[in-house]
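Below is one structure, written out as structure tokens; comments come after it.
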Amino acid sequence: KHTCPFCRNPAPESSEDVEKNLIKRMEVNDAFAFYQMGWSMFHHEKDYKSSFEYYSKAAALGDIESHFQLSILYRDGEGVGKDRKKEVYHLEEAAIGGHTRARHNLGIIEERNGRHDRGMKHLIIAAKLGDSKSVAALKRGYRFGLVRKEDFASALRGHQAA
């Protein structure tokens with residue numbers, strides 16, 4: 001039988017037990033528990049407003065993945081109105097915390113807004129963290145002369161090492 005590595009209690013056997021454990025963890029402000037509940041509300045219940053609230057609480061407690069998920073909600077307008085500034089804010093918070101896809105998305109947004117230097121810098125960082133989509137975007141940037149050969153080579157080496 002599996003046990004929790006933190007509390008050493010047996011792993012929950014039913015979805016009701018899982019939910020009870022999440023509620024207990026949320027009562028003590030466990031950021032990951034709020035993220036898990038937000039994910040469940042989004043993917044299982046299709047309750048986007050509740051998902052937004054849980055992700056917001058988790059992000060306020062420092063959960064990086066929740067910042068990324070909030071950026072998606074703001075981009076798509078699910079559970080909240082579309083808001084480009086808030087989307088970018090949450091992407092920046094997630095990227096600062098090391099979230100690779102957030103860094104990639106910031107690079108693409110900067111590119112689309114005509115800030116090629118900033119966009120390429122974000123993509124280089126994401127590529128060095130192992131993001132393959134960023135490598136593909138950097139290849140396109142290199143072909144158009146937006147990335148120096150040395151920077152492109154460095155990003156490739158970093159991507160291979162990640």
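Residue numbering restarts at 1 in every chain; chains get A, B, ... in the order shown in the structure tokens, and ligands count up from 1 in that same order.
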Report as JSON lines the residues of segment 19-133 of chain A within 8 Å of segment 146-162 of chain A, each with its shortest atom pair and distance in Å (one decimal), using only C-alpha atoms, ordered by chain and increasing residue number.
```
{"residue": "A:His116", "atom": "CA", "partner": "A:Leu146", "partner_atom": "CA", "distance": 6.9}
{"residue": "A:Asp117", "atom": "CA", "partner": "A:Leu146", "partner_atom": "CA", "distance": 7.3}
{"residue": "A:Met120", "atom": "CA", "partner": "A:Val147", "partner_atom": "CA", "distance": 6.8}
{"residue": "A:Ile124", "atom": "CA", "partner": "A:Ala155", "partner_atom": "CA", "distance": 5.5}
{"residue": "A:Ile125", "atom": "CA", "partner": "A:Ala155", "partner_atom": "CA", "distance": 7.4}
{"residue": "A:Ala127", "atom": "CA", "partner": "A:His159", "partner_atom": "CA", "distance": 5.3}
{"residue": "A:Lys128", "atom": "CA", "partner": "A:Gly158", "partner_atom": "CA", "distance": 4.2}
{"residue": "A:Leu129", "atom": "CA", "partner": "A:Ala162", "partner_atom": "CA", "distance": 5.8}
{"residue": "A:Gly130", "atom": "CA", "partner": "A:His159", "partner_atom": "CA", "distance": 4.6}
{"residue": "A:Asp131", "atom": "CA", "partner": "A:His159", "partner_atom": "CA", "distance": 7.1}
{"residue": "A:Ser132", "atom": "CA", "partner": "A:His159", "partner_atom": "CA", "distance": 7.7}
```
Legend entry - Nearby residues (only C-alpha atoms) at most 12 Å from Lys133 of chain A, same-chain spacing under 4 positions excluded, as a list in words: Thr100, Arg101, Ala102, Arg103, His104, Asn105, Gly107, Ile108, Leu123, Ile124, Ile125, Ala126, Ala127, Lys128, Leu129, Ala137, Leu138, Lys139, Arg140 and His159 of chain A
Output file for the selection above: C-alpha atoms, as a PDB file, in the first residue's frame:
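Below you can see out_30.pdb, which holds the result:
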```
ATOM      1  CA  THR A 100       9.643  27.044 -19.840  1.00  0.00           C
ATOM      2  CA  ARG A 101       6.367  27.267 -21.786  1.00  0.00           C
ATOM      3  CA  ALA A 102       5.645  30.672 -20.243  1.00  0.00           C
ATOM      4  CA  ARG A 103       9.066  31.880 -21.394  1.00  0.00           C
ATOM      5  CA  HIS A 104       8.359  30.528 -24.892  1.00  0.00           C
ATOM      6  CA  ASN A 105       4.941  32.218 -25.009  1.00  0.00           C
ATOM      7  CA  GLY A 107       8.993  35.222 -26.755  1.00  0.00           C
ATOM      8  CA  ILE A 108       6.230  34.653 -29.302  1.00  0.00           C
ATOM      9  CA  LEU A 123      13.219  32.023 -26.884  1.00  0.00           C
ATOM     10  CA  ILE A 124      16.937  31.502 -26.246  1.00  0.00           C
ATOM     11  CA  ILE A 125      16.292  31.097 -22.525  1.00  0.00           C
ATOM     12  CA  ALA A 126      13.404  28.683 -23.163  1.00  0.00           C
ATOM     13  CA  ALA A 127      15.515  26.665 -25.605  1.00  0.00           C
ATOM     14  CA  LYS A 128      18.315  26.400 -23.050  1.00  0.00           C
ATOM     15  CA  LEU A 129      15.725  25.073 -20.589  1.00  0.00           C
ATOM     16  CA  ALA A 137      11.254  29.442 -33.490  1.00  0.00           C
ATOM     17  CA  LEU A 138      14.938  30.326 -33.117  1.00  0.00           C
ATOM     18  CA  LYS A 139      15.712  28.495 -36.372  1.00  0.00           C
ATOM     19  CA  ARG A 140      13.194  30.725 -38.137  1.00  0.00           C
ATOM     20  CA  HIS A 159      18.881  22.590 -25.370  1.00  0.00           C
TER      21      HIS A 159
END
```
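For the residues A:Ser71, A:Thr3, A:Asn113, A:Ser14, ranking by smallest atom-to-atom distance to Val88 of chain A using only C-alpha atoms places A:Ser71 first.
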Inset, instruction - Excluding Leu70 of chain A and any residue of its chain fewer than 6 positions from it, enumerate the residues within 9 Å of it, using only C-alpha atoms, and give them as a PyMOL selection string. - result: chain A and resi 52+55-56+59+86-87+90-91
Those residues with C-alpha atoms, as a tab-separated table (two decimals), in the first residue's frame please?
```tsv
chain	number	residue	atom	x	y	z
A	52	PHE	CA	-9.81	30.89	-11.91
A	55	TYR	CA	-5.50	29.26	-9.57
A	56	SER	CA	-5.50	32.87	-8.32
A	59	ALA	CA	-0.53	32.01	-7.67
A	86	LYS	CA	-2.94	40.30	-17.25
A	87	GLU	CA	-2.03	37.42	-19.56
A	90	HIS	CA	1.13	36.03	-15.37
A	91	LEU	CA	3.41	34.78	-18.14
```
Inset, instruction - Please indicate the distance in Å from atom CA of Tyr89 of chain A to atom CA of Ser40 of chain A, rounded to one decimal place. - result: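 Answer for the atom CA of Tyr89 of chain A to atom CA of Ser40 of chain A separation: 23.6 Å.
Distance annotation: of A:Cys4, A:Met41, A:Val135, A:Ile109, the residue with the minimal separation from Arg84 of chain A is A:Ile109; atom set is only C-alpha atoms.
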Inset, instruction - Could you pull out the residues in segment 3-35 of chain A that DSSP calls alpha helix (DSSP H) from the backbone, as a VMD selection string? - result: chain A and resid 15 to 27 31 to 35
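As for atom CA of Leu106 of chain A and atom CA of Arg118 of chain A, they are spaced 9.0 Å apart.
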Inset, instruction - Using only C-alpha atoms, pick whichever of A:Met37, A:Gly141, A:Glu78, A:Ala58 has the shortest atom-to-atom distance to Lys121 of chain A. - result: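 Looking at the shortest contact to Lys121 of chain A, the residue is A:Gly141.
As for atom CA of Tyr35 of chain A and atom CA of Tyr54 of chain A, they are spaced 6.3 Å apart.
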Inset, instruction - Tell me which protein, DNA and RNA residues are within 12 Å of Cys7 of chain A, counting only C-alpha atoms, leaving out same-chain ones fewer than 4 positions away, and put them as a PyMOL selection string. - result: chain A and resi 2-3+11+21+25
So that I have them on file, write out the residues from the current selection with C-alpha atoms, as a PDB file, in the first residue's frame.
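Final file, result.pdb:
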```pdb
ATOM      1  CA  HIS A   2       1.289   3.464  -0.915  1.00  0.00           C
ATOM      2  CA  THR A   3       1.801   6.115   1.725  1.00  0.00           C
ATOM      3  CA  ALA A  11      -2.791   7.127  -0.045  1.00  0.00           C
ATOM      4  CA  ASN A  21      -7.225  15.712   1.632  1.00  0.00           C
ATOM      5  CA  ARG A  25      -4.286  21.065   2.600  1.00  0.00           C
TER       6      ARG A  25
END
```
Legend entry - Non-local contacts of Trp39 of chain A (9 Å; only C-alpha atoms; under 3 positions in same chain excluded) as a PyMOL selection string: chain A and resi 34-36+42-44+51+54-55+66+69
